[in-house]
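Chemist: Compact mmCIF, C-alpha atoms, file run.txt:
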```txt
# COMPACT_ATOMS: atom_id res chain seq x y z
CA MET A 9 -18.53 -20.19 3.83
CA THR A 10 -19.19 -16.65 2.66
CA ASP A 11 -16.38 -14.26 1.93
CA LEU A 12 -17.19 -12.39 5.10
CA ASP A 13 -16.95 -15.54 7.20
CA LEU A 14 -13.73 -16.49 5.47
CA LEU A 15 -12.24 -13.06 6.16
CA ALA A 16 -13.29 -13.27 9.81
CA ALA A 17 -11.72 -16.74 10.05
CA GLN A 18 -8.49 -15.58 8.38
CA THR A 19 -8.31 -12.61 10.72
CA ALA A 20 -8.81 -14.83 13.77
CA VAL A 21 -6.08 -17.20 12.57
CA MET A 22 -3.63 -14.34 12.04
CA ALA A 23 -4.40 -12.76 15.43
CA GLU A 24 -1.37 -14.63 16.75
CA PRO A 25 2.15 -13.16 16.83
CA ASP A 26 3.94 -16.38 15.84
CA ARG A 27 1.82 -16.76 12.71
CA LEU A 28 2.41 -13.16 11.68
CA ARG A 29 6.14 -13.74 12.00
CA LEU A 30 5.95 -17.01 10.08
CA LEU A 31 4.09 -15.22 7.29
CA ALA A 32 6.77 -12.53 7.27
CA LEU A 33 9.41 -15.24 6.88
CA ALA A 34 7.48 -17.05 4.15
CA LEU A 35 6.97 -13.80 2.22
CA THR A 36 10.68 -13.02 2.29
CA ASP A 37 12.01 -16.54 1.82
CA PRO A 38 14.28 -16.90 -1.22
CA SER A 39 12.32 -19.89 -2.51
CA GLY A 40 8.92 -18.30 -1.86
CA GLN A 41 7.69 -21.64 -0.53
CA PRO A 42 9.71 -22.65 2.52
CA THR A 43 9.10 -25.94 4.32
CA ALA A 44 8.27 -26.14 8.01
CA ALA A 45 11.78 -27.43 8.71
CA GLN A 46 13.35 -24.47 6.95
CA LEU A 47 11.15 -22.04 8.86
CA ALA A 48 11.87 -23.73 12.19
CA GLY A 49 15.62 -23.86 11.59
CA PRO A 50 17.98 -26.65 12.72
CA GLY A 51 16.73 -28.15 15.96
CA GLY A 52 13.72 -25.82 15.91
CA PRO A 53 10.19 -26.74 16.98
CA VAL A 54 9.08 -28.19 13.64
CA GLY A 55 5.91 -29.65 15.12
CA ASP A 56 4.71 -26.28 16.37
CA VAL A 57 5.58 -24.62 13.09
CA VAL A 58 3.72 -27.30 11.11
CA HIS A 59 0.67 -26.76 13.29
CA HIS A 60 0.68 -22.98 12.66
CA LEU A 61 1.21 -23.45 8.92
CA GLU A 62 -1.59 -25.99 8.63
CA VAL A 63 -4.01 -23.70 10.47
CA MET A 64 -3.10 -20.91 8.04
CA ALA A 65 -3.50 -23.27 5.06
CA ASP A 66 -6.98 -24.25 6.30
CA VAL A 67 -8.24 -20.69 5.79
CA TRP A 68 -6.57 -20.27 2.40
CA LEU A 69 -3.65 -18.11 3.48
CA LEU A 70 -1.04 -20.67 2.44
CA VAL A 71 -1.06 -23.40 -0.17
CA ARG A 72 1.01 -26.55 0.11
CA VAL A 73 3.34 -27.23 -2.80
CA GLY A 74 5.82 -29.95 -3.70
CA ASP A 75 6.50 -33.10 -1.69
CA PRO A 76 3.29 -34.04 0.21
CA ASP A 77 5.36 -35.44 3.08
CA ALA A 78 7.40 -32.26 3.50
CA PRO A 79 5.45 -29.59 1.63
CA GLY A 80 6.55 -26.06 0.99
CA TYR A 81 4.07 -23.40 2.03
CA ARG A 82 3.37 -20.58 -0.41
CA PRO A 83 1.45 -17.44 0.65
CA THR A 84 -1.79 -16.88 -1.31
CA PRO A 85 -2.93 -13.52 -2.73
CA ASP A 86 -5.28 -13.27 0.26
CA ALA A 87 -2.31 -13.53 2.60
CA ILE A 88 -0.23 -11.04 0.62
CA VAL A 89 -2.95 -8.41 0.25
CA ARG A 90 -4.70 -8.70 3.58
CA PHE A 91 -1.84 -9.49 5.94
CA GLY A 92 1.32 -8.87 3.91
CA GLY A 93 1.50 -5.19 4.85
CA ALA A 94 1.20 -6.04 8.53
CA ALA A 95 3.71 -8.89 8.31
CA ILE A 96 6.41 -7.51 6.06
CA GLY A 97 6.03 -3.95 7.23
CA THR A 98 5.21 -2.39 3.89
CA PRO A 99 5.80 1.29 4.55
CA PRO A 100 2.78 3.49 5.19
CA ARG A 101 1.72 5.63 2.29
CA GLY A 102 3.71 8.78 1.98
CA ALA A 103 6.58 7.46 4.08
CA ALA A 104 9.50 7.06 1.71
CA VAL A 105 11.54 3.90 1.91
CA PRO A 106 15.12 4.94 2.63
CA ALA A 107 16.96 5.08 -0.66
CA THR A 108 19.23 2.12 -1.29
CA ASP A 109 22.08 2.21 -3.74
CA PRO A 110 21.73 -1.01 -5.72
CA GLY A 111 25.31 -0.73 -7.04
CA ASP A 112 26.17 -3.83 -9.07
CA HIS A 113 22.57 -4.99 -8.92
CA GLN A 114 21.21 -2.12 -11.03
CA PRO A 115 21.46 -3.91 -14.41
CA LEU A 116 19.67 -6.91 -12.91
CA LEU A 117 16.95 -4.70 -11.47
CA ASP A 118 16.48 -3.07 -14.88
CA ARG A 119 15.98 -6.50 -16.40
CA ILE A 120 13.49 -7.39 -13.69
CA VAL A 121 11.52 -4.23 -14.52
CA ASP A 122 11.54 -5.22 -18.22
CA GLU A 123 10.31 -8.74 -17.50
CA LEU A 124 7.62 -7.71 -15.07
CA THR A 125 6.42 -4.92 -17.36
CA ASP A 126 5.87 -7.52 -20.06
CA ARG A 127 4.19 -9.91 -17.70
CA PHE A 128 1.82 -7.25 -16.32
CA ALA A 129 1.15 -5.40 -19.58
CA ASP A 130 -2.38 -3.93 -19.62
CA VAL A 131 -2.52 -4.00 -15.84
CA PHE A 132 0.36 -1.89 -14.59
CA GLY A 133 2.35 0.76 -16.41
CA ARG A 134 6.12 0.50 -16.55
CA GLU A 135 6.52 3.35 -14.04
CA THR A 136 4.43 1.52 -11.47
CA VAL A 137 6.37 -1.71 -11.96
CA ALA A 138 9.67 0.16 -11.67
CA ARG A 139 8.54 1.83 -8.47
CA PHE A 140 7.52 -1.49 -6.93
CA VAL A 141 10.85 -3.04 -7.89
CA THR A 142 12.79 -0.15 -6.34
CA GLU A 143 10.67 -0.17 -3.21
CA SER A 144 10.79 -3.96 -2.79
CA TYR A 145 14.55 -3.93 -3.26
CA ALA A 146 14.97 -1.25 -0.60
CA LEU A 147 12.67 -3.09 1.79
CA LEU A 148 14.53 -6.35 1.36
CA ALA A 149 17.98 -4.78 1.35
CA SER A 150 17.38 -3.34 4.79
CA ARG A 151 16.69 -6.83 6.10
CA ALA A 152 18.83 -9.16 4.08
CA SER A 153 21.80 -10.80 5.68
CA VAL A 154 22.92 -12.32 2.40
CA GLN A 155 23.07 -9.63 -0.28
CA ARG A 156 23.69 -12.03 -3.13
CA PHE A 157 20.08 -13.30 -3.17
CA LEU A 158 18.66 -9.78 -3.32
CA PRO A 159 17.87 -9.48 -7.05
CA ALA A 160 16.15 -12.88 -7.16
CA LEU A 161 14.23 -12.10 -3.99
CA THR A 162 13.27 -8.70 -5.35
CA ALA A 163 11.94 -10.23 -8.56
CA ARG A 164 9.83 -12.77 -6.75
CA PHE A 165 8.61 -10.44 -4.02
CA THR A 166 7.66 -7.75 -6.55
CA ALA A 167 5.90 -10.28 -8.78
CA ASP A 168 3.95 -11.58 -5.78
CA ARG A 169 2.91 -8.08 -4.76
CA LEU A 170 1.84 -7.13 -8.28
CA THR A 171 0.00 -10.42 -8.78
CA ALA A 172 -1.80 -9.93 -5.51
CA LEU A 173 -2.84 -6.43 -6.51
CA ALA A 174 -4.05 -7.61 -9.90
CA THR A 175 -5.89 -10.73 -8.71
CA PRO A 176 -9.39 -10.74 -7.30
CA LEU A 177 -9.01 -12.21 -3.84
CA GLY A 178 -10.02 -15.72 -2.99
CA ASP A 179 -9.44 -17.10 -6.47
CA GLY A 180 -9.81 -20.83 -6.13
CA ALA A 181 -10.82 -20.67 -2.50
CA PRO A 182 -13.63 -23.05 -1.68
CA ARG A 183 -16.60 -20.84 -0.98
CA ASP A 184 -20.15 -19.99 -1.76
CA GLY A 185 -22.37 -17.02 -1.09
CA ARG A 186 -21.96 -13.45 -2.08
CA LEU A 187 -18.76 -11.67 -2.85
CA LEU A 188 -17.30 -9.52 -0.16
CA SER A 189 -17.90 -6.37 -2.15
CA SER A 190 -21.62 -7.05 -2.37
CA VAL A 191 -21.86 -7.97 1.28
CA PHE A 192 -20.19 -4.76 2.27
CA ALA A 193 -21.30 -2.23 -0.26
CA ALA A 194 -24.04 -2.37 -2.85
CA GLN A 195 -21.97 -0.36 -5.27
CA VAL A 196 -18.73 -0.96 -7.05
CA ASN A 197 -16.43 2.06 -6.89
CA VAL A 198 -14.47 2.81 -10.05
CA LEU A 199 -11.90 5.57 -10.31
CA PHE A 200 -10.55 6.88 -13.62
CA VAL A 201 -7.27 8.78 -13.41
CA CYS A 202 -5.44 10.70 -16.12
CA SER A 203 -3.05 13.61 -15.84
CA GLN A 204 -5.33 16.64 -16.24
CA ASN A 205 -8.76 15.13 -15.51
CA ALA A 206 -9.82 17.22 -18.50
CA GLY A 207 -10.12 14.56 -21.24
CA ARG A 208 -9.61 10.81 -21.04
CA SER A 209 -10.83 10.23 -17.49
CA GLN A 210 -13.83 12.51 -18.10
CA ILE A 211 -14.88 10.57 -21.21
CA ALA A 212 -14.48 7.24 -19.40
CA GLY A 213 -16.39 8.52 -16.37
CA ALA A 214 -19.26 9.88 -18.44
CA VAL A 215 -19.54 6.69 -20.52
CA LEU A 216 -19.54 4.41 -17.47
CA ARG A 217 -22.10 6.60 -15.69
CA SER A 218 -24.38 6.44 -18.73
CA LEU A 219 -24.02 2.66 -19.09
CA ALA A 220 -24.12 1.57 -15.47
CA GLY A 221 -26.37 4.15 -13.85
CA ASP A 222 -26.18 3.90 -10.08
CA ARG A 223 -24.95 0.32 -10.07
CA VAL A 224 -21.44 1.73 -10.17
CA LEU A 225 -20.10 4.72 -8.29
CA VAL A 226 -17.81 6.53 -10.71
CA ARG A 227 -15.10 8.98 -9.73
CA THR A 228 -12.52 10.75 -11.86
CA ALA A 229 -9.37 12.65 -10.95
CA GLY A 230 -6.16 14.01 -12.44
CA THR A 231 -2.63 13.74 -11.13
CA ALA A 232 -1.84 17.24 -12.41
CA SER A 233 -5.31 18.65 -12.70
CA SER A 234 -5.16 22.35 -13.40
CA GLY A 235 -7.71 23.66 -15.86
CA PRO A 236 -11.23 23.27 -17.20
CA LEU A 237 -12.54 20.46 -19.35
CA ASP A 238 -10.84 20.32 -22.75
CA PRO A 239 -13.14 22.14 -25.24
CA GLY A 240 -12.83 19.38 -27.87
CA VAL A 241 -13.72 16.74 -25.31
CA ARG A 242 -16.61 18.86 -24.06
CA ALA A 243 -17.95 19.12 -27.63
CA GLU A 244 -17.63 15.39 -28.25
CA LEU A 245 -19.38 14.53 -24.99
CA ASP A 246 -22.19 16.95 -25.87
CA ARG A 247 -22.48 15.34 -29.31
CA ARG A 248 -22.94 11.95 -27.60
CA GLY A 249 -25.47 13.35 -25.15
CA LEU A 250 -23.05 12.78 -22.28
CA GLY A 251 -22.16 16.41 -21.55
CA GLY A 252 -24.12 16.43 -18.32
CA LEU A 253 -22.18 13.45 -17.01
CA ALA A 254 -18.75 15.10 -16.96
CA GLU A 255 -17.62 16.81 -13.79
CA LEU A 256 -15.34 19.57 -12.64
CA PRO A 257 -11.70 18.48 -13.05
CA ARG A 258 -10.23 17.69 -9.66
CA PRO A 259 -6.87 16.65 -8.28
CA LEU A 260 -6.12 13.10 -7.23
CA THR A 261 -5.89 12.43 -3.52
CA ASP A 262 -4.95 9.30 -1.61
CA GLU A 263 -8.42 9.26 -0.11
CA VAL A 264 -10.14 8.87 -3.45
CA VAL A 265 -7.86 5.97 -4.36
CA ARG A 266 -8.52 4.44 -0.96
CA ALA A 267 -12.26 4.69 -1.51
CA SER A 268 -12.15 2.96 -4.90
CA GLY A 269 -12.25 -0.75 -5.64
CA VAL A 270 -11.15 -0.47 -9.26
CA VAL A 271 -8.58 2.09 -10.37
CA VAL A 272 -8.07 2.71 -14.09
CA THR A 273 -5.01 4.77 -14.99
CA MET A 274 -4.71 6.41 -18.39
CA GLY A 275 -1.34 7.90 -19.11
CA CYS A 276 -0.53 9.35 -15.73
CA GLY A 277 2.69 7.42 -15.23
CA ASP A 278 3.51 6.50 -11.67
CA ALA A 279 1.89 9.53 -10.08
CA CYS A 280 -1.15 7.48 -9.08
CA PRO A 281 -0.62 5.87 -5.67
CA VAL A 282 -0.87 2.09 -5.78
CA LEU A 283 -2.49 0.71 -2.65
CA PRO A 284 -3.12 -2.90 -1.75
CA GLY A 285 -6.56 -4.31 -2.21
CA ARG A 286 -7.57 -2.40 -5.30
CA ARG A 287 -7.84 -3.74 -8.78
CA TYR A 288 -5.62 -1.79 -11.17
CA LEU A 289 -5.96 -1.40 -14.91
CA ASP A 290 -3.72 0.67 -17.14
CA TRP A 291 -5.18 1.82 -20.45
CA PRO A 292 -2.69 3.24 -22.91
CA LEU A 293 -4.70 6.01 -24.62
CA ASP A 294 -3.83 9.06 -26.64
CA ASP A 295 -4.42 12.40 -24.99
CA PRO A 296 -7.33 14.09 -26.82
CA ALA A 297 -6.24 17.59 -25.77
CA GLY A 298 -5.90 19.84 -28.80
CA ARG A 299 -6.72 17.11 -31.34
CA SER A 300 -9.06 17.36 -34.29
CA PRO A 301 -12.72 16.44 -33.74
CA ALA A 302 -12.25 13.22 -35.73
CA GLU A 303 -9.34 12.16 -33.54
CA VAL A 304 -11.22 13.01 -30.35
CA ARG A 305 -14.08 10.88 -31.68
CA ARG A 306 -11.74 7.94 -32.32
CA ILE A 307 -10.30 8.20 -28.82
CA ALA A 308 -13.80 8.40 -27.34
CA ASP A 309 -14.78 5.27 -29.32
CA ASP A 310 -11.72 3.45 -27.98
CA ILE A 311 -12.55 4.48 -24.41
CA THR A 312 -16.21 3.47 -24.83
CA GLU A 313 -15.19 0.02 -25.99
CA ARG A 314 -12.87 -0.45 -23.01
CA VAL A 315 -15.51 0.80 -20.57
CA ARG A 316 -18.04 -1.66 -22.01
CA THR A 317 -15.61 -4.55 -21.51
CA LEU A 318 -14.87 -3.41 -17.96
CA LEU A 319 -18.57 -3.17 -17.14
CA ASP A 320 -19.17 -6.66 -18.54
CA GLU A 321 -16.44 -8.01 -16.27
CA LEU A 322 -17.77 -6.15 -13.26
CA SER A 323 -21.30 -7.34 -13.97
CA ALA A 324 -20.11 -10.92 -14.17
CA SER A 325 -18.13 -10.81 -10.96
CA GLU A 326 -19.00 -8.01 -8.63
CA ILE A 327 -22.45 -6.58 -9.17
CA THR A 328 -25.21 -8.77 -7.82
CA MET B 8 2.13 -17.31 25.64
CA SER B 9 2.54 -21.05 26.00
CA ASN B 10 5.97 -22.67 25.97
CA HIS B 11 5.19 -24.13 22.59
CA ALA B 12 4.25 -20.77 21.17
CA ALA B 13 7.27 -19.15 22.79
CA ARG B 14 9.58 -21.69 21.22
CA ALA B 15 7.95 -21.27 17.85
CA ALA B 16 8.35 -17.53 18.16
CA SER B 17 11.99 -17.75 19.14
CA SER B 18 12.67 -19.97 16.15
CA GLY B 19 10.97 -17.34 14.03
CA ALA B 20 13.23 -14.72 15.51
CA LYS B 21 16.41 -16.49 14.43
CA PRO B 22 15.85 -17.59 10.86
CA ASP B 23 19.50 -16.93 10.07
CA ARG B 24 20.30 -20.17 11.88
CA GLY B 25 18.39 -21.97 9.14
CA VAL B 26 19.91 -23.17 5.93
CA GLN B 27 17.56 -21.25 3.67
CA PRO B 28 16.17 -18.00 4.99
CA ALA B 29 18.51 -15.17 4.11
CA LEU B 30 16.51 -12.66 6.05
CA ARG B 31 15.90 -11.80 9.61
CA SER B 32 12.23 -11.75 10.52
CA ALA B 33 10.71 -8.59 9.15
CA LEU B 34 8.62 -8.26 12.26
CA SER B 35 9.76 -7.67 15.83
CA ARG B 36 7.97 -9.45 18.63
CA GLU B 37 6.46 -6.17 19.86
CA GLN B 38 5.13 -5.30 16.41
CA ALA B 39 3.74 -8.80 15.97
CA GLU B 40 1.96 -8.67 19.30
CA GLY B 41 0.48 -5.25 18.57
CA THR B 42 -0.81 -6.36 15.18
CA ALA B 43 -2.17 -9.61 16.60
CA ALA B 44 -4.10 -7.67 19.24
CA LEU B 45 -5.66 -5.48 16.53
CA LEU B 46 -6.64 -8.52 14.45
CA ARG B 47 -8.11 -10.25 17.48
CA VAL B 48 -10.52 -7.36 18.08
CA VAL B 49 -11.72 -7.18 14.46
CA SER B 50 -11.91 -10.94 13.79
CA ASP B 51 -15.70 -10.95 13.90
CA PRO B 52 -18.05 -10.74 10.90
CA THR B 53 -20.18 -7.95 12.36
CA ARG B 54 -17.18 -5.83 13.32
CA LEU B 55 -15.67 -6.31 9.88
CA GLN B 56 -18.94 -5.21 8.29
CA LEU B 57 -19.10 -2.15 10.53
CA LEU B 58 -15.52 -1.23 9.62
CA SER B 59 -16.31 -1.71 5.94
CA LEU B 60 -19.40 0.49 6.11
CA ILE B 61 -17.47 3.23 7.91
CA HIS B 62 -14.49 2.91 5.58
CA HIS B 63 -16.63 3.11 2.45
CA SER B 64 -18.92 5.86 3.68
CA GLU B 65 -18.77 9.24 2.01
CA GLU B 66 -16.46 11.03 4.45
CA GLY B 67 -15.02 7.93 6.08
CA ARG B 68 -17.26 8.35 9.10
CA ALA B 69 -20.72 7.16 10.15
CA ARG B 70 -23.30 7.43 12.94
CA VAL B 71 -24.78 4.59 14.99
CA ALA B 72 -28.16 5.09 13.35
CA ASP B 73 -26.65 4.79 9.83
CA LEU B 74 -24.88 1.57 10.76
CA THR B 75 -27.87 0.08 12.55
CA ARG B 76 -30.04 0.71 9.50
CA ALA B 77 -27.48 -0.64 7.05
CA LEU B 78 -26.93 -3.89 8.92
CA GLY B 79 -30.46 -4.48 10.22
CA LEU B 80 -29.11 -5.12 13.72
CA ARG B 81 -30.34 -3.85 17.06
CA GLN B 82 -28.90 -0.55 18.16
CA PRO B 83 -27.42 -1.86 21.47
CA THR B 84 -25.56 -4.57 19.51
CA VAL B 85 -24.04 -2.05 17.14
CA SER B 86 -23.19 0.31 19.99
CA HIS B 87 -21.45 -2.48 21.87
CA HIS B 88 -19.22 -3.41 18.91
CA LEU B 89 -18.39 0.26 18.30
CA LYS B 90 -17.50 0.74 21.96
CA VAL B 91 -15.13 -2.23 21.94
CA MET B 92 -13.38 -1.01 18.78
CA ASN B 93 -13.20 2.51 20.20
CA GLU B 94 -11.58 1.25 23.40
CA ALA B 95 -9.12 -0.81 21.34
CA GLY B 96 -7.98 2.35 19.56
CA ILE B 97 -9.39 1.32 16.18
CA LEU B 98 -12.31 3.76 15.95
CA SER B 99 -12.42 7.40 16.97
CA ARG B 100 -15.58 8.79 18.53
CA ASP B 101 -16.62 12.33 17.77
CA PRO B 102 -19.81 13.71 19.37
CA VAL B 103 -21.43 16.46 17.27
CA GLY B 104 -24.52 17.87 18.93
CA ARG B 105 -26.73 14.92 19.80
CA GLU B 106 -25.04 12.61 17.32
CA VAL B 107 -21.83 10.62 17.58
CA TRP B 108 -19.66 10.02 14.52
CA TYR B 109 -17.32 7.06 14.32
CA ALA B 110 -14.25 6.95 12.05
CA ILE B 111 -11.26 4.67 11.67
CA VAL B 112 -8.22 6.01 13.55
CA PRO B 113 -5.76 7.20 10.88
CA ALA B 114 -2.89 5.10 12.27
CA ARG B 115 -5.01 1.96 11.78
CA LEU B 116 -6.34 2.86 8.35
CA ASP B 117 -3.70 1.00 6.32
CA ALA B 118 -4.12 -2.25 8.21
CA ILE B 119 -7.92 -2.07 8.10
CA ALA B 120 -8.07 -1.09 4.42
CA ASP B 121 -5.83 -4.06 3.54
CA LEU B 122 -8.17 -6.43 5.36
CA LEU B 123 -11.30 -5.08 3.70
CA ARG B 124 -10.38 -5.86 0.15
```
Show me, as structure tokens, the structure contained in the file I just sent.

Modeler:
Amino acid sequence: MTDLDLLAAQTAVMAEPDRLRLLALALTDPSGQPTAAQLAGPGGPVGDVVHHLEVMADVWLLVRVGDPDAPGYRPTPDAIVRFGGAAIGTPPRGAAVPATDPGDHQPLLDRIVDELTDRFADVFGRETVARFVTESYALLASRASVQRFLPALTARFTADRLTALATPLGDGAPRDGRLLSSVFAAQVNVLFVCSQNAGRSQIAGAVLRSLAGDRVLVRTAGTASSGPLDPGVRAELDRRGLGGLAELPRPLTDEVVRASGVVVTMGCGDACPVLPGRRYLDWPLDDPAGRSPAEVRRIADDITERVRTLLDELSASEIT
Amino acid sequence: MSNHAARAASSGAKPDRGVQPALRSALSREQAEGTAALLRVVSDPTRLQLLSLIHHSEEGRARVADLTRALGLRQPTVSHHLKVMNEAGILSRDPVGREVWYAIVPARLDAIADLLR
């Protein structure tokens, strides 16, 4: 089964209101892996629920865990990324989740941010993790009937969402054939984001363009883009023969994030929108603005090394 | 909806009767039915490919000829799929001169983009 066939099969399976609601329940269950009996409730139609869950498991949207006779069903990254937004009602971009006062839970939420920041180091910055924790808490708080489970639920739900964002889909799914990205689009889209789009993202963009040619579509943007290319960065790019590969600094828009498969953030905090279905990388890099030529060179070397590694990974997995 | 499905749905609607789930279903029946209808229309490999091509195109819009060329399908086939998705409120149709541009309706963009990872 190719990725495209699998996606079509998953979509057909989820085109059923009861299954969407079961997925919503599984995603917000305190254990993260409810059994059919728990989902059906006392005296509920366990047989029907088992049937729905098994159909979903067949197309890799749920995995069975625990006791084989009464398994729990855990949503896969495919389920979380592709159907989680529809099922749990993740708010549309731009629409703020109503603020929730966590009260006594705040210290616990802070600890959750610490733990998840450690766990997702090199993938998501602390600001992004904190924003997901806050948003997940607010989402769950508006629906929870038992407040005492909220911090634990928030930790698990946030971890699931971040894992899903960081994981290439279909990991472990039985399949052959081409990857979805190569079926759909010949090119991989990579977006580099820093704050000004005048230094770090320009270097990364120019290096990747020079290494990958038209195998990869490279975009760059800044969350607070305001001025021209940094003169020191311009000089260093010229020295490397990459001057022609930089571009006019431009502001970040949701559309450009939406159009990109891989998003690399470089010191722009949480100002970069995090959307489902993209691969996120966070590179902690010094800002070259106003530094000495030697320091700019060191930063450019660091960026070049990271871009090479990224391209190797992309070549191994996504570019056919 | 069959009786079986209806019972399964009503059990989904009252998880607070259960021992475990601390949450009400995040999804109302109306929302679930609307989303299911959308998924039903796009649950076809060709339609998913068309949506992907449109979604990933430069300005988020494409013409029949572009799509026909990209997929190597016959033009009537492509036109048929586009028509169905237009009637289902998934694609907008914008005639410019002799050409017609198709784009994903903004309200559906989040759901479609999630699918097309």

Chemist: Applying 10 Å and all atoms listed in the file, which residues near Arg54 of chain B remain after dropping the ones on its own chain fewer than 2 positions away? List them as a list in words.

Modeler: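 The residues satisfying every condition are Ala16 of chain A; Val48, Val49, Ser50, Asp51, Pro52, Gln56, Leu57, Leu58, Ser59, Leu60, Val85, His88, Leu89, Val91 and Met92 of chain B.
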
Chemist: Please save C-alpha atoms of the selected residues as a PDB file, keeping the file's coordinate frame.

Modeler:
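Written output follows (result26.pdb):
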```pdb
ATOM      1  CA  ALA A  16     -13.290 -13.270   9.810  1.00  0.00           C
TER       2      ALA A  16
ATOM      3  CA  VAL B  48     -10.520  -7.360  18.080  1.00  0.00           C
ATOM      4  CA  VAL B  49     -11.720  -7.180  14.460  1.00  0.00           C
ATOM      5  CA  SER B  50     -11.910 -10.940  13.790  1.00  0.00           C
ATOM      6  CA  ASP B  51     -15.700 -10.950  13.900  1.00  0.00           C
ATOM      7  CA  PRO B  52     -18.050 -10.740  10.900  1.00  0.00           C
ATOM      8  CA  GLN B  56     -18.940  -5.210   8.290  1.00  0.00           C
ATOM      9  CA  LEU B  57     -19.100  -2.150  10.530  1.00  0.00           C
ATOM     10  CA  LEU B  58     -15.520  -1.230   9.620  1.00  0.00           C
ATOM     11  CA  SER B  59     -16.310  -1.710   5.940  1.00  0.00           C
ATOM     12  CA  LEU B  60     -19.400   0.490   6.110  1.00  0.00           C
ATOM     13  CA  VAL B  85     -24.040  -2.050  17.140  1.00  0.00           C
ATOM     14  CA  HIS B  88     -19.220  -3.410  18.910  1.00  0.00           C
ATOM     15  CA  LEU B  89     -18.390   0.260  18.300  1.00  0.00           C
ATOM     16  CA  VAL B  91     -15.130  -2.230  21.940  1.00  0.00           C
ATOM     17  CA  MET B  92     -13.380  -1.010  18.780  1.00  0.00           C
TER      18      MET B  92
END
```

Chemist: With all atoms listed in the file as the basis for distance, which of A:Asp320, A:Leu250, A:Cys280, A:Gln18 is at the shortest distance from Ala308 of chain A?

Modeler: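 Closest to Ala308 of chain A of all the choices is A:Leu250.
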
Chemist: So how far away is atom CA of Leu253 of chain A from atom CA of Ala214 of chain A, in Å?

Modeler: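 Answer for the atom CA of Ala214 of chain A to atom CA of Leu253 of chain A separation: 4.8 Å.
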
Chemist: Rank nothing, just name the residue among B:Ile111, B:Glu37, B:Asp117, B:Leu122 nearest to Glu66 of chain B, using all atoms listed in the file.

Modeler: B:Ile111

Chemist: Report, in Å to a single decimal, how far apart atom CA of Thr231 of chain A and atom CA of Gln204 of chain A are.

Modeler: 6.5 Å

Chemist: Out of B:His62, B:Gln38, B:Leu80, B:Arg47, which residue has the shortest atom-to-atom distance to Asp121 of chain B when counting all atoms listed in the file?

Modeler: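 Closest candidate: B:His62.
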
Chemist: Nearest to Phe128 of chain A among A:Asp295, A:Asp309, A:Asp112, A:Asp290, with distances taken over all atoms listed in the file: which residue is it?

Modeler: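 Among the listed residues, the smallest separation from Phe128 of chain A belongs to A:Asp290.
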
Chemist: Which distance in Å separates atom CA of Arg70 of chain B and atom CA of Glu106 of chain B, to one decimal?

Modeler: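 Separating atom CA of Arg70 of chain B from atom CA of Glu106 of chain B is a distance of 7.0 Å.
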
Chemist: Set the distance at 9 Å and use all atoms listed in the file: which residues neighbour Ala39 of chain B once local chain neighbours fewer than 3 positions away are removed? I'd like the list as a VMD selection string.

Modeler: (chain A and resid 24 to 29 94 to 95) or (chain B and resid 34 to 36 42 to 44)

Chemist: Tell me which residues come within 12 Å of (-19.0, 2.2, 18.2), as a ChimeraX atom specification, counting all atoms listed in the file in the file's coordinates.

Modeler: /B:53-54,57-58,61,68-75,82-102,107-111

Chemist: Which residues, written as a PyMOL selection string, have at least one atom at most 12 Å from Phe91 of chain A, with only C-alpha atoms counted and residues fewer than 4 positions away on the same chain left out?

Modeler: (chain A and resi 15+18-24+27-32+35+64+69-70+83-87+95-98+169+172+284-285) or (chain B and resi 39+42-43+45-46+117-124)

Chemist: Let me know the centre plus edge lengths, in Å and rounded to one decimal, of a box with edges along x, y and z that contains all listed atoms of segment 50-69 of chain A and is padded by 6 Å on every side, as lines of an AutoDock Vina configuration file.

Modeler:
```
center_x = 4.9
center_y = -23.9
center_z = 9.7
size_x = 38.2
size_y = 23.5
size_z = 26.6
```

Chemist: Which neighbours of Thr136 of chain A fall inside 10 Å, counting all atoms listed in the file, when residues of the same chain fewer than 4 positions from it are skipped, and could you give them as a list in words?

Modeler: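 Non-adjacent residues within range: Val121, Thr125, Val131, Phe132, Phe140, Val141, Thr142, Leu170, Gly277, Asp278, Ala279, Cys280, Pro281, Val282 and Asp290 of chain A.
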
Chemist: Using all atoms listed in the file, find the one residue out of B:Arg105, B:Leu78, B:Glu40, B:Val112 that sits nearest to chain A.

Modeler: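 Of B:Arg105, B:Leu78, B:Glu40, B:Val112, the one nearest chain A is B:Glu40, counting all atoms listed in the file.
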